[in-house]
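A short write-up of the structure that comes next.
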Amino acid sequence: MYVRGKTRHRGLESSVQDELGGGVNVYASYALVDAAIKEDGPNFGRQVPFSPRHKGTAGLAYQLGKWSASVDVMFEGGQYADSANTVAENAAGNNGRIPGYGVWAARGSVDLASLPAAFRLSLGVKNLFDQRYFTRSFDDNNLGKYVAQPRTVYLQLSSRF
């Protein structure tokens, strides 16, 4: 198990939302994170691994009675897989810069108010356009480069109580 030394995390988060009327809502969020290694040594001041500087979401939602739908895009900036912030990929694939990416998602839901509890049935698609992106692992058992989540369709039943 790898234990990280001293780090400093600071940043700025923001979000906006506006109801345009007629059941239409637009929203966006953004986070700027400065996560730096603060342990004495050759990596002092470098970016903490697997910590992108930029992350955000933007989307559009629609609600009509018990029906709702949304579409949004999530983006994550480039990041590093090691404390040295190595840019070039090594032969094992566990080191090197991880490029930023953005993926779209869509979801439709219906509230099932006739049941005893407040249930919602949803059908959604993550990575709507099947964008290929990847991540890395430095774990001793799973060292390497991995294709991230492909297009995924899901059905969800949730309850609010």
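Identifiers in this document derive from the order of the structure tokens: chains are assigned A, B, ..., residues are numbered from 1 separately in each chain, and ligands are numbered from 1 in order of occurrence.
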Next on the checklist: Considering only strand (DSSP E) as DSSP defines it on the backbone, what residues of region 36-144 of chain A qualify? List them as a ChimeraX atom specification.
Outcome noted: /A:36-37,54-64,67-76,79-80,97-98,101-112,118-126,134-137,144
With C-alpha atoms retained, could you export that selection as a short mmCIF file (atom, residue, chain, number, x, y, z; two decimals), in the first residue's frame?
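Result file is result.cif:
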data_model
loop_
_atom_site.label_atom_id
_atom_site.label_comp_id
_atom_site.auth_asym_id
_atom_site.auth_seq_id
_atom_site.Cartn_x
_atom_site.Cartn_y
_atom_site.Cartn_z
CA ALA A 36 0.14 20.08 -4.63
CA ILE A 37 2.67 17.79 -2.98
CA HIS A 54 -10.40 21.36 -13.83
CA LYS A 55 -13.71 19.51 -13.45
CA GLY A 56 -17.20 20.53 -14.44
CA THR A 57 -20.70 19.72 -15.61
CA ALA A 58 -23.22 21.51 -17.80
CA GLY A 59 -26.71 20.37 -18.61
CA LEU A 60 -30.33 20.91 -19.49
CA ALA A 61 -33.29 19.38 -17.65
CA TYR A 62 -37.01 19.29 -18.42
CA GLN A 63 -39.90 18.44 -16.11
CA LEU A 64 -43.56 17.95 -17.02
CA TRP A 67 -42.02 13.00 -16.04
CA SER A 68 -38.51 14.43 -16.24
CA ALA A 69 -35.55 14.22 -18.61
CA SER A 70 -32.04 15.59 -18.64
CA VAL A 71 -28.91 15.68 -20.76
CA ASP A 72 -25.52 16.83 -19.54
CA VAL A 73 -21.82 16.77 -20.22
CA MET A 74 -19.14 16.14 -17.60
CA PHE A 75 -15.52 17.06 -18.22
CA GLU A 76 -12.32 16.39 -16.34
CA GLN A 79 -3.83 14.72 -14.75
CA TYR A 80 -0.78 12.66 -13.82
CA ARG A 97 -0.05 12.03 -18.42
CA ILE A 98 -3.74 11.13 -18.51
CA TYR A 101 -11.96 14.04 -21.45
CA GLY A 102 -15.65 14.87 -21.62
CA VAL A 103 -18.63 12.50 -21.69
CA TRP A 104 -22.34 13.06 -22.27
CA ALA A 105 -25.19 11.46 -20.35
CA ALA A 106 -28.98 11.36 -20.73
CA ARG A 107 -31.68 10.29 -18.28
CA GLY A 108 -35.46 10.03 -18.24
CA SER A 109 -37.56 9.45 -15.12
CA VAL A 110 -41.12 9.04 -13.98
CA ASP A 111 -42.42 9.43 -10.43
CA LEU A 112 -44.58 6.51 -9.34
CA ALA A 118 -42.28 8.00 -3.20
CA PHE A 119 -40.62 5.89 -5.91
CA ARG A 120 -38.93 7.05 -9.10
CA LEU A 121 -38.16 4.84 -12.11
CA SER A 122 -35.32 6.05 -14.33
CA LEU A 123 -33.69 4.94 -17.54
CA GLY A 124 -30.38 6.49 -18.47
CA VAL A 125 -27.29 6.29 -20.63
CA LYS A 126 -23.83 7.21 -19.37
CA PHE A 134 -8.59 5.99 -20.32
CA THR A 135 -7.10 6.04 -16.86
CA ARG A 136 -4.08 4.44 -15.26
CA SER A 137 -3.44 2.37 -12.16
CA GLY A 144 -1.30 -0.40 -16.20
#
Item to check | Selected residue of minimal separation from Lys6 (chain A) among A:Ala35, A:Val147, A:Val24, A:Ala92, counting only C-alpha atoms | outcome: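 Smallest distance to Lys6 (chain A) is found for A:Ala35.
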Item to check | Selected residue of minimal separation from Tyr30 (chain A) among A:Thr86, A:Asn43, A:Ser14, A:Gln131, counting only C-alpha atoms | outcome: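 When distances to Tyr30 (chain A) are compared using only C-alpha atoms, the smallest one comes from A:Ser14.
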Checklist entry - Out of A:Thr7, A:Ser15, A:Ser158, A:Thr152, which residue has the shortest atom-to-atom distance to Ala28 (chain A) when counting only C-alpha atoms? => result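 Closest to Ala28 (chain A), using only C-alpha atoms: A:Ser15.
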Checklist entry - For Leu32 (chain A), which residue out of A:Gly77, A:Gly65, A:Gly45, A:Gly5 is the nearest one, using only C-alpha atoms? => result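 Using only C-alpha atoms, Leu32 (chain A) sits closest to A:Gly77.
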Next on the checklist: So, with only C-alpha atoms as the atoms that count, which of A:Asp18, A:Lys145, A:Lys38, A:Arg46 lies closest to Ala91 (chain A)?
Outcome noted: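 Closest to Ala91 (chain A), using only C-alpha atoms: A:Lys145.
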Checklist entry - Could you work out how far CA of His9 (chain A) lies from CA of Ser51 (chain A), giving the answer in Å with one decimal? => result 9.8 Å
Next on the checklist: Give me the residues near Gly78 (chain A) as a ChimeraX atom specification, where near means some atom within 7 Å (using only C-alpha atoms) and where sequence neighbours in that chain fewer than 6 positions away do not count.
Outcome noted: /A:52,98-100
Item to check | Pairwise distance for CA of Ala84 (chain A) and CA of Gly41 (chain A), rounded to one decimal in Å | outcome: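 Separation of CA of Ala84 (chain A) and CA of Gly41 (chain A): 10.4 Å.
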Item to check | Point-to-point distance in Å for CA of Val87 (chain A) and CA of Ser29 (chain A) | outcome: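 Going from CA of Ser29 (chain A) over to CA of Val87 (chain A), I get 28.2 Å.
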Item to check | Residue with smallest distance to Val48 (chain A) - pool A:Arg132, A:Ser83, A:Pro150, A:Gly93, counting only C-alpha atoms | outcome: A:Ser83
